[in-house]
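Coordinates from my_file39.txt are shown below (compact mmCIF, C-alpha atoms).
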# COMPACT_ATOMS: atom_id res chain seq x y z
CA MET A 559 -61.00 -39.56 12.70
CA HIS A 560 -61.49 -43.33 12.54
CA ASN A 561 -63.84 -44.52 9.79
CA SER A 562 -64.65 -40.97 8.67
CA ASP A 563 -65.08 -42.26 5.12
CA ASN A 564 -68.38 -43.84 6.15
CA ALA A 565 -69.73 -40.55 7.51
CA THR A 566 -72.24 -38.46 5.57
CA LEU A 567 -72.09 -34.85 4.48
CA GLU A 568 -75.26 -33.12 3.29
CA ASN A 569 -76.93 -36.55 3.60
CA LEU A 570 -74.55 -38.00 0.98
CA SER A 571 -72.04 -40.82 1.40
CA TYR A 572 -68.48 -40.47 0.10
CA ALA A 573 -69.41 -42.25 -3.15
CA GLU A 574 -72.63 -40.27 -3.65
CA GLY A 575 -70.85 -36.98 -2.93
CA SER A 576 -68.04 -37.85 -5.33
CA LEU A 577 -70.51 -38.64 -8.11
CA LYS A 578 -72.43 -35.41 -7.46
CA LEU A 579 -69.20 -33.39 -7.54
CA ALA A 580 -68.02 -35.12 -10.73
CA ARG A 581 -71.33 -34.37 -12.46
CA GLU A 582 -71.31 -30.73 -11.38
CA LEU A 583 -67.72 -30.26 -12.55
CA ALA A 584 -68.46 -32.02 -15.84
CA GLU A 585 -71.06 -29.36 -16.56
CA LEU A 586 -68.22 -26.82 -16.60
CA ALA A 587 -66.44 -28.71 -19.42
CA PRO A 588 -64.52 -28.07 -21.57
CA CYS A 589 -63.19 -25.18 -19.47
CA PHE A 590 -62.41 -27.21 -16.37
CA CYS A 591 -60.08 -30.09 -15.66
CA VAL A 592 -60.11 -32.22 -12.53
CA CYS A 593 -57.13 -34.09 -11.17
CA GLY A 594 -55.57 -34.91 -7.86
CA GLU A 595 -54.27 -37.59 -5.57
CA GLY A 596 -55.50 -39.54 -2.59
CA ARG A 597 -58.58 -38.25 -0.83
CA ASN A 598 -59.22 -35.41 -3.26
CA GLU A 599 -59.57 -37.80 -6.19
CA ILE A 600 -63.07 -37.74 -7.59
CA THR A 601 -62.71 -41.15 -9.17
CA SER A 602 -62.18 -43.58 -6.32
CA GLN A 603 -60.51 -43.20 -2.97
CA TYR A 604 -56.84 -44.26 -2.91
CA VAL A 605 -56.95 -45.06 -6.64
CA SER A 606 -55.59 -42.74 -9.33
CA MET A 607 -57.67 -43.98 -12.21
CA VAL A 608 -56.91 -41.08 -14.50
CA GLN A 609 -53.42 -40.02 -13.51
CA PHE A 610 -50.56 -41.37 -15.61
CA HIS A 611 -47.01 -41.48 -14.31
CA LEU A 612 -43.83 -41.97 -16.25
CA TYR A 613 -41.23 -44.35 -14.95
CA ASN A 614 -40.16 -43.39 -11.43
CA TYR A 615 -36.53 -44.11 -12.19
CA ALA A 616 -36.72 -41.70 -15.13
CA HIS A 617 -37.88 -38.99 -12.74
CA SER A 618 -35.04 -39.77 -10.36
CA LEU A 619 -32.47 -39.75 -13.15
CA ALA A 620 -33.80 -36.50 -14.61
CA MET A 621 -33.70 -34.78 -11.22
CA ALA A 622 -30.10 -36.00 -10.82
CA GLY A 623 -29.20 -34.47 -14.20
CA GLU A 624 -28.81 -37.84 -15.95
CA ASP A 625 -29.72 -38.51 -19.59
CA VAL A 626 -33.32 -39.64 -20.07
CA SER A 627 -33.49 -39.31 -23.85
CA TRP A 628 -34.49 -43.01 -24.01
CA ILE A 629 -37.87 -42.36 -22.40
CA LYS A 630 -39.76 -41.88 -25.66
CA GLU A 631 -38.30 -45.11 -27.07
CA VAL A 632 -39.68 -47.21 -24.20
CA THR A 633 -43.06 -45.51 -23.79
CA VAL A 634 -45.99 -47.55 -25.08
CA PRO A 635 -49.62 -46.33 -24.92
CA VAL A 636 -50.90 -49.44 -23.11
CA SER A 637 -53.45 -47.46 -21.09
CA ALA A 638 -55.03 -46.20 -24.30
CA LEU A 639 -56.20 -49.77 -24.96
CA VAL A 640 -58.24 -49.62 -21.77
CA PHE A 641 -59.24 -45.98 -21.46
CA ASP A 642 -59.39 -44.69 -25.06
CA GLY A 643 -62.79 -43.18 -25.69
CA LEU A 644 -63.65 -43.29 -21.98
CA SER A 645 -61.16 -40.97 -20.34
CA ARG A 646 -58.09 -38.85 -20.93
CA GLY A 647 -55.44 -39.30 -18.30
CA ILE A 648 -53.59 -36.46 -16.66
CA GLY A 649 -49.83 -36.93 -16.99
CA TYR A 650 -47.54 -35.83 -14.19
CA HIS A 651 -43.80 -35.43 -14.61
CA TYR A 652 -40.78 -33.94 -12.89
CA GLY A 653 -39.13 -32.72 -16.06
CA GLU A 654 -37.01 -29.61 -15.86
CA GLY A 655 -35.03 -27.82 -18.52
CA GLU A 656 -34.33 -30.07 -21.51
CA THR A 657 -36.09 -33.08 -19.95
CA ARG A 658 -39.42 -31.24 -19.78
CA ARG A 659 -40.09 -31.64 -23.52
CA LEU A 660 -38.98 -35.30 -23.45
CA PHE A 661 -41.37 -36.07 -20.61
CA ILE A 662 -44.20 -34.09 -22.22
CA ASP A 663 -43.75 -35.96 -25.50
CA ALA A 664 -43.69 -39.31 -23.68
CA GLN A 665 -46.92 -38.39 -21.91
CA LEU A 666 -48.53 -37.43 -25.19
CA MET A 667 -47.49 -40.87 -26.50
CA GLN A 668 -49.27 -42.41 -23.48
CA GLY A 669 -52.43 -40.63 -24.52
CA SER A 670 -52.42 -38.44 -21.44
CA ILE A 671 -52.65 -34.67 -21.13
CA PRO A 672 -49.27 -33.49 -19.80
CA THR A 673 -49.01 -31.35 -16.71
CA LEU A 674 -47.87 -27.80 -17.25
CA ILE A 675 -45.47 -27.00 -14.41
CA PHE A 676 -45.18 -23.24 -14.31
CA GLN A 677 -41.73 -21.77 -13.84
CA THR A 678 -42.61 -18.20 -12.81
CA LYS A 679 -44.98 -16.40 -10.48
CA ASP A 680 -47.16 -15.43 -13.46
CA PRO A 681 -48.76 -18.63 -14.80
CA VAL A 682 -51.25 -16.69 -16.90
CA ALA A 683 -48.41 -15.11 -18.89
CA GLU A 684 -46.77 -18.52 -19.23
CA LEU A 685 -49.87 -19.84 -21.00
CA GLU A 686 -48.87 -17.62 -23.92
CA GLN A 687 -45.38 -19.13 -24.13
CA GLU A 688 -44.20 -21.83 -26.53
CA GLU A 689 -44.35 -24.83 -24.17
CA ALA A 690 -47.93 -24.16 -23.06
CA LYS A 691 -49.05 -23.68 -26.65
CA TYR A 692 -47.27 -26.92 -27.63
CA VAL A 693 -48.98 -28.93 -24.88
CA LEU A 694 -52.43 -27.48 -25.61
CA GLU A 695 -52.08 -27.98 -29.36
CA HIS A 696 -51.07 -31.63 -29.02
CA ALA A 697 -53.21 -32.57 -26.01
CA LEU A 698 -56.42 -31.24 -27.54
CA ALA A 699 -55.80 -32.79 -30.96
I'd like the structure from this file rewritten - as structure tokens, please.
Amino acid sequence: MHNSDNATLENLSYAEGSLKLARELAELAPCFCVCGEGRNEITSQYVSMVQFHLYNYAHSLAMAGEDVSWIKEVTVPVSALVFDGLSRGIGYHYGEGETRRLFIDAQLMQGSIPTLIFQTKDPVAELEQEEAKYVLEHALA
């Protein structure tokens, strides 16, 4: 629908509704984490203010089975200079197998909270496994 972003819902504009939702979800903290892309972002439409990405070519190389062991050497926490004390970014990666830990460590170096990409149909059980414990231990430190 053309210009639907300027419509109202429950007498709230997009910006007012986003702020209301962010405040309501913040009341659930620390047991709730919000992230997303595009229109479901609660920060600003079309802008991922709190989502950190690793180098796209590293993702492509990792998915092709190439060596990406260099990723930690070239990762610098530049965003921490801007966001430290204001926000923790959510890190998203495509790591699989051995590259998962490399990407997770690089995201921790960025100051972001790494994504846990579950490998089975039982994500609750996976939260008890080593990788989930590692991410939680380091991300919440």
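With CA of Gln665 in chain A on one side and CA of Ala622 in chain A on the other, the separation reads 20.3 Å.
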- Do you know which residues are at most 10 Å from Leu674 in chain A counting all atoms listed in the file, after dropping those on the same chain fewer than 5 positions away, and could you put them as a list in words? Gly649, Tyr650, His651, Arg658, Ile662, Pro681, Glu684, Leu685, Glu689, Ala690, Val693 and Leu694 of chain A
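Taking CA of Gln677 in chain A as the reference point, CA of Glu654 in chain A is found at 9.4 Å.
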- Item | Distance of CA of Ile671 in chain A from CA of Asp642 in chain A, expressed in Å to one decimal place | 12.7 Å
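Nearest to Leu619 in chain A of all the residues A:Leu698, A:Gly575, A:Thr657, A:Glu631 is A:Thr657, based on all atoms listed in the file.
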